[in-house]
$ cat model-v8.cif   # mmCIF, C-alpha atoms
data_query
#
loop_
_atom_site.label_atom_id
_atom_site.label_comp_id
_atom_site.auth_asym_id
_atom_site.auth_seq_id
_atom_site.Cartn_x
_atom_site.Cartn_y
_atom_site.Cartn_z
CA MET A 1 -82.38 -50.30 -42.95
CA ILE A 2 -80.19 -50.86 -39.87
CA LYS A 3 -81.90 -53.02 -37.25
CA ARG A 4 -81.83 -51.26 -33.89
CA LYS A 5 -82.63 -52.63 -30.44
CA SER A 6 -85.65 -51.44 -28.50
CA LEU A 7 -85.32 -48.51 -26.09
CA ASP A 8 -85.59 -50.88 -23.12
CA GLU A 9 -82.90 -53.23 -24.48
CA TYR A 10 -80.47 -50.33 -24.86
CA LYS A 11 -81.32 -48.92 -21.44
CA GLN A 12 -81.04 -52.22 -19.53
CA GLY A 13 -77.86 -53.20 -21.38
CA VAL A 14 -76.16 -49.89 -20.57
CA LEU A 15 -77.24 -49.96 -16.91
CA ALA A 16 -75.94 -53.54 -16.63
CA GLY A 17 -72.57 -52.33 -17.94
CA ASN A 18 -72.78 -54.56 -21.05
CA ARG A 19 -69.88 -53.21 -23.15
CA VAL A 20 -71.29 -54.46 -26.47
CA ILE A 21 -74.64 -52.70 -25.89
CA LEU A 22 -72.79 -49.66 -24.53
CA SER A 23 -70.90 -49.40 -27.84
CA GLN A 24 -74.13 -49.85 -29.80
CA ALA A 25 -75.84 -47.13 -27.73
CA ILE A 26 -73.02 -44.67 -28.49
CA THR A 27 -73.22 -45.62 -32.18
CA LEU A 28 -76.94 -44.83 -32.02
CA VAL A 29 -76.42 -41.32 -30.60
CA GLU A 30 -73.57 -40.66 -33.07
CA SER A 31 -75.75 -41.66 -36.02
CA ASN A 32 -76.74 -38.98 -38.52
CA LEU A 33 -79.81 -40.91 -39.61
CA ASN A 34 -83.09 -39.13 -38.92
CA SER A 35 -84.64 -42.50 -38.03
CA ASP A 36 -82.15 -42.88 -35.14
CA ALA A 37 -82.46 -39.36 -33.72
CA GLU A 38 -85.76 -39.92 -31.88
CA LEU A 39 -84.69 -43.23 -30.31
CA ALA A 40 -81.31 -41.73 -29.33
CA GLY A 41 -83.04 -38.74 -27.69
CA LYS A 42 -85.35 -41.02 -25.69
CA LEU A 43 -82.42 -43.19 -24.56
CA VAL A 44 -80.40 -40.19 -23.32
CA GLN A 45 -83.47 -38.94 -21.44
CA GLU A 46 -84.01 -42.36 -19.82
CA LEU A 47 -80.35 -42.60 -18.76
CA LEU A 48 -80.13 -39.04 -17.41
CA PRO A 49 -81.12 -39.94 -13.78
CA HIS A 50 -78.37 -42.61 -13.73
CA ALA A 51 -75.58 -40.29 -14.95
CA GLY A 52 -73.55 -37.40 -13.52
CA LYS A 53 -71.64 -39.31 -10.83
CA SER A 54 -68.22 -39.43 -12.50
CA ILE A 55 -65.31 -37.02 -12.72
CA ARG A 56 -64.86 -35.84 -16.33
CA ILE A 57 -61.26 -35.11 -17.33
CA GLY A 58 -60.21 -33.46 -20.59
CA ILE A 59 -56.68 -34.26 -21.76
CA THR A 60 -54.94 -32.24 -24.44
CA GLY A 61 -51.47 -31.39 -25.74
CA VAL A 62 -49.55 -30.99 -28.97
CA PRO A 63 -49.18 -34.05 -31.26
CA GLY A 64 -46.22 -36.12 -30.04
CA VAL A 65 -46.58 -35.14 -26.37
CA GLY A 66 -47.73 -38.71 -25.61
CA LYS A 67 -51.45 -38.31 -24.84
CA SER A 68 -52.36 -41.93 -25.63
CA THR A 69 -49.33 -43.28 -23.74
CA PHE A 70 -50.27 -41.15 -20.75
CA ILE A 71 -53.93 -42.25 -20.86
CA GLU A 72 -52.93 -45.93 -20.97
CA ALA A 73 -50.58 -45.56 -17.97
CA PHE A 74 -52.89 -43.23 -16.02
CA GLY A 75 -55.97 -45.36 -16.80
CA SER A 76 -54.15 -48.49 -15.57
CA LEU A 77 -53.24 -46.68 -12.34
CA LEU A 78 -56.92 -45.75 -11.82
CA LEU A 79 -57.99 -49.38 -12.38
CA GLU A 80 -55.52 -50.44 -9.66
CA LYS A 81 -57.25 -47.91 -7.38
CA GLY A 82 -60.58 -49.68 -8.01
CA LYS A 83 -61.95 -47.17 -10.51
CA ARG A 84 -63.80 -47.97 -13.74
CA VAL A 85 -62.44 -45.88 -16.60
CA ALA A 86 -64.02 -44.82 -19.90
CA VAL A 87 -61.85 -43.17 -22.56
CA LEU A 88 -63.45 -41.15 -25.32
CA ALA A 89 -60.58 -40.72 -27.77
CA VAL A 90 -61.43 -38.38 -30.61
CA ASP A 91 -59.34 -38.86 -33.76
CA PRO A 92 -58.98 -36.26 -36.49
CA SER A 93 -61.21 -36.96 -39.50
CA SER A 94 -59.98 -36.41 -43.01
CA GLN A 95 -61.68 -33.32 -44.45
CA LYS A 96 -61.46 -34.89 -47.93
CA THR A 97 -62.72 -38.43 -47.29
CA LYS A 98 -64.43 -37.79 -43.93
CA GLY A 99 -62.58 -40.93 -42.80
CA SER A 100 -60.67 -41.20 -39.54
CA ILE A 101 -57.70 -43.24 -38.34
CA LEU A 102 -59.29 -44.43 -35.10
CA GLY A 103 -56.02 -45.88 -33.91
CA ASP A 104 -56.34 -45.24 -30.18
CA LYS A 105 -57.51 -48.75 -29.35
CA THR A 106 -54.30 -50.17 -30.84
CA ARG A 107 -52.20 -47.58 -28.98
CA MET A 108 -53.92 -48.42 -25.66
CA GLU A 109 -53.87 -52.19 -26.04
CA LYS A 110 -53.46 -53.04 -22.34
CA LEU A 111 -56.24 -50.71 -21.23
CA ALA A 112 -58.56 -51.83 -24.05
CA SER A 113 -58.27 -55.48 -22.99
CA ASP A 114 -59.34 -54.81 -19.37
CA LYS A 115 -63.05 -55.34 -18.69
CA ARG A 116 -63.09 -52.46 -16.17
CA ALA A 117 -62.10 -50.03 -18.92
CA PHE A 118 -63.92 -48.92 -22.05
CA ILE A 119 -62.27 -47.14 -24.99
CA ARG A 120 -64.33 -45.46 -27.65
CA PRO A 121 -62.59 -43.81 -30.60
CA SER A 122 -64.88 -41.35 -32.39
CA PRO A 123 -64.15 -39.39 -35.56
CA SER A 124 -64.18 -35.67 -34.85
CA GLY A 125 -65.51 -34.65 -38.25
CA SER A 126 -65.67 -30.89 -38.60
CA THR A 127 -66.56 -30.31 -34.96
CA LEU A 128 -64.76 -27.49 -33.17
CA GLY A 129 -61.80 -28.59 -31.10
CA GLY A 130 -61.76 -32.09 -32.53
CA VAL A 131 -64.40 -33.18 -30.10
CA SER A 132 -67.11 -35.33 -31.57
CA ALA A 133 -70.47 -33.56 -31.73
CA LYS A 134 -71.88 -36.38 -29.65
CA THR A 135 -69.17 -36.52 -26.98
CA ARG A 136 -71.55 -35.14 -24.33
CA GLU A 137 -74.09 -37.90 -24.99
CA ALA A 138 -71.32 -40.53 -25.01
CA MET A 139 -70.05 -39.28 -21.61
CA LEU A 140 -73.53 -39.45 -20.16
CA ILE A 141 -74.07 -43.02 -21.44
CA CYS A 142 -70.70 -44.13 -19.99
CA GLU A 143 -71.63 -42.62 -16.62
CA ALA A 144 -74.95 -44.49 -16.65
CA ALA A 145 -72.97 -47.69 -17.35
CA GLY A 146 -71.11 -47.16 -14.06
CA PHE A 147 -67.78 -45.64 -15.10
CA ASP A 148 -66.28 -43.44 -12.36
CA VAL A 149 -63.72 -41.58 -14.46
CA ILE A 150 -64.31 -40.31 -18.01
CA LEU A 151 -61.16 -39.31 -19.90
CA VAL A 152 -61.70 -37.22 -23.05
CA GLU A 153 -58.65 -37.07 -25.31
CA THR A 154 -58.65 -34.29 -27.90
CA VAL A 155 -56.75 -34.13 -31.18
CA GLY A 156 -54.65 -31.29 -29.80
CA VAL A 157 -55.25 -28.69 -32.48
CA GLY A 158 -54.72 -25.55 -30.39
CA GLN A 159 -57.18 -22.73 -29.77
CA SER A 160 -60.34 -24.82 -30.27
CA GLU A 161 -59.81 -26.77 -27.03
CA VAL A 162 -62.42 -24.35 -25.62
CA ALA A 163 -64.91 -26.99 -26.79
CA VAL A 164 -63.42 -29.62 -24.46
CA LYS A 165 -63.04 -27.27 -21.54
CA GLY A 166 -66.77 -26.59 -21.89
CA MET A 167 -67.75 -30.21 -21.24
CA VAL A 168 -65.36 -31.53 -18.57
CA ASP A 169 -64.76 -30.88 -14.87
CA PHE A 170 -60.97 -30.87 -14.98
CA PHE A 171 -58.70 -29.86 -17.85
CA LEU A 172 -55.18 -31.35 -18.06
CA LEU A 173 -52.62 -29.93 -20.47
CA LEU A 174 -49.62 -32.12 -21.35
CA MET A 175 -46.42 -30.25 -22.26
CA LEU A 176 -42.94 -31.23 -23.41
CA ALA A 177 -39.73 -29.85 -21.93
CA GLY A 178 -37.43 -28.05 -24.37
CA ALA A 179 -39.70 -28.53 -27.37
CA GLY A 180 -39.02 -25.00 -28.61
CA ASP A 181 -41.13 -21.85 -28.55
CA GLU A 182 -42.73 -22.61 -31.94
CA LEU A 183 -44.28 -25.84 -30.67
CA GLN A 184 -45.27 -24.55 -27.24
CA GLY A 185 -46.59 -21.30 -28.77
CA ILE A 186 -49.71 -23.13 -29.93
CA LYS A 187 -50.58 -23.77 -26.32
CA LYS A 188 -50.02 -20.34 -24.76
CA GLY A 189 -53.65 -19.41 -25.35
CA ILE A 190 -54.97 -22.47 -23.54
CA MET A 191 -52.54 -22.41 -20.61
CA GLU A 192 -55.04 -20.11 -18.92
CA MET A 193 -57.76 -22.73 -19.35
CA ALA A 194 -55.74 -25.61 -17.87
CA ASP A 195 -56.40 -26.71 -14.29
CA THR A 196 -53.06 -28.52 -14.25
CA LEU A 197 -50.02 -28.65 -16.55
CA LEU A 198 -48.07 -31.90 -16.71
CA ILE A 199 -44.55 -31.79 -18.13
CA HIS A 200 -44.64 -35.25 -19.74
CA LYS A 201 -41.86 -37.68 -20.70
CA ALA A 202 -39.89 -36.50 -17.62
CA ASP A 203 -37.50 -39.45 -17.46
CA GLY A 204 -33.87 -40.30 -18.27
CA ASP A 205 -31.99 -37.45 -19.95
CA ASN A 206 -35.22 -35.42 -20.13
CA LEU A 207 -35.61 -35.17 -16.36
CA PRO A 208 -33.36 -32.10 -15.73
CA ALA A 209 -35.06 -30.22 -18.62
CA ALA A 210 -38.49 -31.18 -17.24
CA LYS A 211 -37.58 -29.78 -13.81
CA ARG A 212 -36.43 -26.51 -15.41
CA ALA A 213 -39.63 -26.37 -17.48
CA LYS A 214 -41.70 -26.91 -14.34
CA SER A 215 -40.06 -23.90 -12.72
CA ASN A 216 -40.54 -21.74 -15.86
CA PHE A 217 -44.20 -22.69 -16.30
CA SER A 218 -44.91 -22.16 -12.58
CA ASN A 219 -43.50 -18.65 -12.85
CA ALA A 220 -45.53 -17.97 -16.00
CA LEU A 221 -48.78 -19.17 -14.38
CA HIS A 222 -48.30 -16.74 -11.49
CA LEU A 223 -48.82 -13.93 -13.99
CA PHE A 224 -52.30 -15.21 -14.90
CA PRO A 225 -55.22 -14.01 -12.76
CA LEU A 226 -57.16 -16.74 -10.93
CA GLY A 227 -60.25 -17.99 -12.79
CA GLU A 228 -63.84 -17.77 -11.56
CA ASN A 229 -63.37 -20.99 -9.62
CA SER A 230 -60.41 -19.44 -7.69
CA TRP A 231 -58.22 -22.50 -8.32
CA ALA A 232 -54.49 -21.88 -8.77
CA PRO A 233 -53.32 -24.26 -11.57
CA LYS A 234 -50.56 -26.69 -10.60
CA VAL A 235 -47.49 -27.63 -12.64
CA LEU A 236 -46.39 -31.27 -12.29
CA ILE A 237 -43.79 -33.46 -13.96
CA GLY A 238 -44.37 -37.10 -14.82
CA SER A 239 -43.47 -40.06 -17.00
CA SER A 240 -45.79 -42.71 -18.39
CA GLN A 241 -42.78 -45.01 -18.88
CA THR A 242 -41.72 -45.01 -15.21
CA ARG A 243 -45.19 -43.97 -13.88
CA GLU A 244 -43.37 -41.38 -11.79
CA GLY A 245 -45.67 -38.46 -10.97
CA LEU A 246 -48.93 -40.15 -12.07
CA HIS A 247 -50.14 -40.62 -8.48
CA GLU A 248 -49.61 -36.89 -7.98
CA VAL A 249 -51.78 -36.14 -11.03
CA TRP A 250 -54.65 -38.17 -9.53
CA ASN A 251 -54.17 -36.60 -6.08
CA THR A 252 -54.35 -33.13 -7.68
CA ILE A 253 -57.57 -34.05 -9.51
CA GLN A 254 -59.14 -35.24 -6.24
CA LEU A 255 -57.97 -32.10 -4.45
CA PHE A 256 -59.50 -30.00 -7.24
CA GLN A 257 -62.81 -31.92 -7.09
CA ASP A 258 -63.07 -31.57 -3.29
CA HIS A 259 -62.30 -27.84 -3.52
CA MET A 260 -64.90 -27.30 -6.27
CA ILE A 261 -67.64 -29.29 -4.51
CA ARG A 262 -67.09 -27.37 -1.26
CA SER A 263 -67.23 -24.00 -3.02
CA GLY A 264 -70.35 -24.94 -5.02
CA TRP A 265 -68.46 -24.38 -8.28
CA PHE A 266 -68.63 -28.04 -9.35
CA GLU A 267 -72.43 -28.11 -9.72
CA LYS A 268 -72.55 -24.55 -11.07
CA ASN A 269 -70.08 -25.53 -13.81
CA ARG A 270 -72.09 -28.66 -14.68
CA ALA A 271 -75.32 -26.61 -14.79
CA ASP A 272 -73.70 -24.05 -17.14
CA GLN A 273 -72.44 -26.88 -19.34
CA ARG A 274 -75.96 -28.33 -19.62
CA LEU A 275 -77.18 -24.94 -20.86
CA THR A 276 -74.36 -24.83 -23.43
CA TRP A 277 -75.37 -28.34 -24.53
CA LEU A 278 -78.94 -27.10 -25.03
CA HIS A 279 -77.88 -24.17 -27.23
CA GLU A 280 -75.41 -26.29 -29.23
CA SER A 281 -78.16 -28.89 -29.80
CA VAL A 282 -80.56 -26.23 -31.08
CA GLN A 283 -77.87 -24.98 -33.51
CA ALA A 284 -77.09 -28.52 -34.69
CA ILE A 285 -80.77 -29.40 -35.27
CA LEU A 286 -81.48 -26.13 -37.08
CA GLY A 287 -78.33 -26.53 -39.18
CA LYS A 288 -79.36 -30.02 -40.23
CA LEU A 289 -82.90 -28.87 -41.13
CA PHE A 290 -81.52 -25.88 -43.03
CA TYR A 291 -79.11 -27.86 -45.24
CA SER A 292 -81.66 -30.61 -45.94
CA HIS A 293 -84.32 -28.08 -47.10
CA PRO A 294 -84.95 -28.84 -50.84
CA GLU A 295 -85.13 -25.18 -51.97
CA VAL A 296 -82.05 -24.22 -49.95
CA LYS A 297 -80.12 -27.14 -51.47
CA LYS A 298 -81.08 -26.06 -54.99
CA MET A 299 -80.15 -22.44 -54.40
CA LEU A 300 -76.85 -23.43 -52.74
CA GLN A 301 -75.84 -25.46 -55.80
CA ARG A 302 -76.55 -22.47 -58.05
CA GLY A 303 -74.97 -19.78 -55.87
CA GLU A 304 -71.86 -21.36 -54.29
CA LYS A 305 -69.75 -20.74 -57.42
CA GLU A 306 -70.60 -17.01 -57.33
CA VAL A 307 -69.47 -16.83 -53.70
CA GLN A 308 -66.26 -18.72 -54.56
CA ASN A 309 -65.56 -16.37 -57.48
CA GLY A 310 -66.12 -13.29 -55.32
CA LYS A 311 -69.16 -12.16 -57.32
CA LYS A 312 -71.57 -12.50 -54.41
CA SER A 313 -71.12 -11.58 -50.75
CA PRO A 314 -71.29 -14.65 -48.46
CA MET A 315 -73.36 -12.62 -45.95
CA THR A 316 -75.87 -11.48 -48.61
CA PHE A 317 -76.22 -15.03 -49.96
CA ALA A 318 -76.64 -16.39 -46.41
CA ARG A 319 -79.51 -13.94 -45.84
CA GLU A 320 -81.17 -14.99 -49.12
CA LEU A 321 -80.87 -18.67 -48.18
CA THR A 322 -82.24 -18.00 -44.68
CA LYS A 323 -85.26 -16.15 -46.13
CA ILE A 324 -86.08 -19.15 -48.33
CA PHE A 325 -85.71 -21.50 -45.35
CA LEU A 326 -87.95 -19.40 -43.07
CA SER A 327 -90.64 -18.95 -45.76
#
$ encode --input "model-v8.cif" --output "structure tokens"
Amino acid sequence: MIKRKSLDEYKQGVLAGNRVILSQAITLVESNLNSDAELAGKLVQELLPHAGKSIRIGITGVPGVGKSTFIEAFGSLLLEKGKRVAVLAVDPSSQKTKGSILGDKTRMEKLASDKRAFIRPSPSGSTLGGVSAKTREAMLICEAAGFDVILVETVGVGQSEVAVKGMVDFFLLLMLAGAGDELQGIKKGIMEMADTLLIHKADGDNLPAAKRAKSNFSNALHLFPLGENSWAPKVLIGSSQTREGLHEVWNTIQLFQDHMIRSGWFEKNRADQRLTWLHESVQAILGKLFYSHPEVKKMLQRGEKEVQNGKKSPMTFARELTKIFLS
């Protein structure tokens, strides 16, 4: 049995910005143990009035675009501006071992060593978009601990970034210049979701190509209709090595936030996201209850082979399992 702190110890530790207790609180909400679920739920409820004051930024891009390098450089810039920065870096989990590399802390060494920053790698498991199922709770806890900027790094798997877009205020897509249509093709579907595109690694010999890419992407974005929030996405170029263009990224985010607050979209978006969180939570709780039901488990063991062999329709078997669960 894992020894947990009391609700008050977690709450006071988080509100005091104690990074050790903050980590333990996130571990609590990420836990799959039934014994932890009730305490985690109470803690999130207690911290709710102290959260919601940050700007939440989702960062995505193809593997190799330099997401971790960008976050380290951009996070350091924000610290210089007097901000407190939390990074929720979600690593891909192995589908075979359910293990995860969790290497972001080593890749963001400078940021990780600064007391004004907090980096939390979380395995994504089988969650859509590579975002941990508990990322929303982790964001809320970080906000209650006093972090002004929450950066959520995704695994960059393509179409499933919808999951991230649905929990942040601002969505930043990192691109590479001259990476070829095959590589960039993955991202065409989410270009419409991005609030800003950053052509990354725009330094040295890459700079002319980055400038051409900026022009091409700007032209392409003009063909997309404006979203509900009536924001026209920007295309920027920048380098984490030289830090060129990073100030412009932050200025754009502030411009976006001001625009959204004035139009009323900012709070509307947050309200919609809370409703999504509710429905996702219901699905997660029901799913857990369903698969832990003794009769369902027995029937699954007997029937899965028939589904695999094509002898039984997955939909028919799902209905049979659901009937057993509901009875």
$ resolve_selection --input "model-v8.cif" --expression "the PyMOL selection byres ((chain A and resi 20) around 12)" --output "VMD selection string"
chain A and resid 9 to 10 13 to 14 16 to 19 21 to 27 115 118 to 120 145
$ residues_near_point --input "model-v8.cif" --point "(-69.8, -29.4, -10.7)" --cutoff "10 Å" --atoms "all atoms listed in the file" --output "VMD selection string"
chain A and resid 52 55 to 56 168 to 170 257 260 to 261 263 to 273
$ resolve_selection --input "model-v8.cif" --expression "the PyMOL selection byres ((chain A and resi 48) around 12)" --output "PDB file with C-alpha atoms, in the coordinates of the input"
ATOM      1  CA  LYS A  11     -81.320 -48.920 -21.440  1.00  0.00           C
ATOM      2  CA  VAL A  14     -76.160 -49.890 -20.570  1.00  0.00           C
ATOM      3  CA  LEU A  15     -77.240 -49.960 -16.910  1.00  0.00           C
ATOM      4  CA  GLY A  41     -83.040 -38.740 -27.690  1.00  0.00           C
ATOM      5  CA  LYS A  42     -85.350 -41.020 -25.690  1.00  0.00           C
ATOM      6  CA  LEU A  43     -82.420 -43.190 -24.560  1.00  0.00           C
ATOM      7  CA  VAL A  44     -80.400 -40.190 -23.320  1.00  0.00           C
ATOM      8  CA  GLN A  45     -83.470 -38.940 -21.440  1.00  0.00           C
ATOM      9  CA  GLU A  46     -84.010 -42.360 -19.820  1.00  0.00           C
ATOM     10  CA  LEU A  47     -80.350 -42.600 -18.760  1.00  0.00           C
ATOM     11  CA  PRO A  49     -81.120 -39.940 -13.780  1.00  0.00           C
ATOM     12  CA  HIS A  50     -78.370 -42.610 -13.730  1.00  0.00           C
ATOM     13  CA  ALA A  51     -75.580 -40.290 -14.950  1.00  0.00           C
ATOM     14  CA  GLY A  52     -73.550 -37.400 -13.520  1.00  0.00           C
ATOM     15  CA  LYS A  53     -71.640 -39.310 -10.830  1.00  0.00           C
ATOM     16  CA  ARG A 136     -71.550 -35.140 -24.330  1.00  0.00           C
ATOM     17  CA  GLU A 137     -74.090 -37.900 -24.990  1.00  0.00           C
ATOM     18  CA  ALA A 138     -71.320 -40.530 -25.010  1.00  0.00           C
ATOM     19  CA  MET A 139     -70.050 -39.280 -21.610  1.00  0.00           C
ATOM     20  CA  LEU A 140     -73.530 -39.450 -20.160  1.00  0.00           C
ATOM     21  CA  ILE A 141     -74.070 -43.020 -21.440  1.00  0.00           C
ATOM     22  CA  CYS A 142     -70.700 -44.130 -19.990  1.00  0.00           C
ATOM     23  CA  GLU A 143     -71.630 -42.620 -16.620  1.00  0.00           C
ATOM     24  CA  ALA A 144     -74.950 -44.490 -16.650  1.00  0.00           C
ATOM     25  CA  ALA A 145     -72.970 -47.690 -17.350  1.00  0.00           C
ATOM     26  CA  ARG A 274     -75.960 -28.330 -19.620  1.00  0.00           C
TER      27      ARG A 274
END
$ atom_distance --input "model-v8.cif" --atom1 "CA of Gly238 in chain A" --atom2 "CA of Phe70 in chain A"
9.3 Å
$ atom_distance --input "model-v8.cif" --atom1 "CA of Lys83 in chain A" --atom2 "CA of Ser230 in chain A"
27.9 Å
$ residues_around --input "model-v8.cif" --residues "Pro208 in chain A" --least-positions-apart "6" --cutoff "12 Å" --atoms "only C-alpha atoms" --output "number ranges by chain"
A: 177-178, 199, 201-202, 214-215, 237
$ closest_residue --input "model-v8.cif" --among "A:Leu77, A:Ile71, A:Gly82, A:Thr316" --to "Glu109 in chain A" --atoms "only C-alpha atoms"
A:Ile71
$ closest_residue --input "model-v8.cif" --among "A:Met108, A:Leu33, A:Met167, A:Leu39" --to "Lys5 in chain A" --atoms "only C-alpha atoms"
A:Leu39
$ atom_distance --input "model-v8.cif" --atom1 "CA of Thr322 in chain A" --atom2 "CA of Gly310 in chain A"
19.9 Å
$ residues_around --input "model-v8.cif" --residues "range 280-287 of chain A" --least-positions-apart "5" --cutoff "10 Å" --atoms "all atoms listed in the file" --output "ChimeraX atom specification"
/A:133-134,274-275,292
$ write_last_selection --input "model-v8.cif" --atoms "C-alpha atoms" --output "PDB file, in the coordinates of the input"
ATOM      1  CA  ALA A 133     -70.470 -33.560 -31.730  1.00  0.00           C
ATOM      2  CA  LYS A 134     -71.880 -36.380 -29.650  1.00  0.00           C
ATOM      3  CA  ARG A 274     -75.960 -28.330 -19.620  1.00  0.00           C
ATOM      4  CA  LEU A 275     -77.180 -24.940 -20.860  1.00  0.00           C
ATOM      5  CA  SER A 292     -81.660 -30.610 -45.940  1.00  0.00           C
TER       6      SER A 292
END
$ decode --input "model-v8.cif" --residues "range 60-78 of chain A" --atoms "C-alpha atoms" --output "mmCIF file, in the first residue's frame"
data_model
loop_
_atom_site.group_PDB
_atom_site.id
_atom_site.type_symbol
_atom_site.label_atom_id
_atom_site.label_comp_id
_atom_site.auth_asym_id
_atom_site.auth_seq_id
_atom_site.Cartn_x
_atom_site.Cartn_y
_atom_site.Cartn_z
ATOM 1 C CA THR A 60 3.485 20.313 -31.573
ATOM 2 C CA GLY A 61 5.460 19.393 -34.679
ATOM 3 C CA VAL A 62 6.965 16.406 -36.444
ATOM 4 C CA PRO A 63 9.711 14.428 -34.642
ATOM 5 C CA GLY A 64 13.048 16.161 -35.269
ATOM 6 C CA VAL A 65 11.581 19.665 -35.565
ATOM 7 C CA GLY A 66 13.213 20.546 -32.220
ATOM 8 C CA LYS A 67 10.258 20.821 -29.822
ATOM 9 C CA SER A 68 12.307 20.205 -26.665
ATOM 10 C CA THR A 69 15.095 22.553 -27.812
ATOM 11 C CA PHE A 70 12.505 25.231 -28.532
ATOM 12 C CA ILE A 71 10.782 24.759 -25.159
ATOM 13 C CA GLU A 72 14.099 25.055 -23.292
ATOM 14 C CA ALA A 73 15.031 28.288 -25.131
ATOM 15 C CA PHE A 74 11.508 29.744 -25.046
ATOM 16 C CA GLY A 75 11.005 28.756 -21.382
ATOM 17 C CA SER A 76 14.314 30.439 -20.444
ATOM 18 C CA LEU A 77 13.193 33.609 -22.242
ATOM 19 C CA LEU A 78 9.917 33.592 -20.254
#
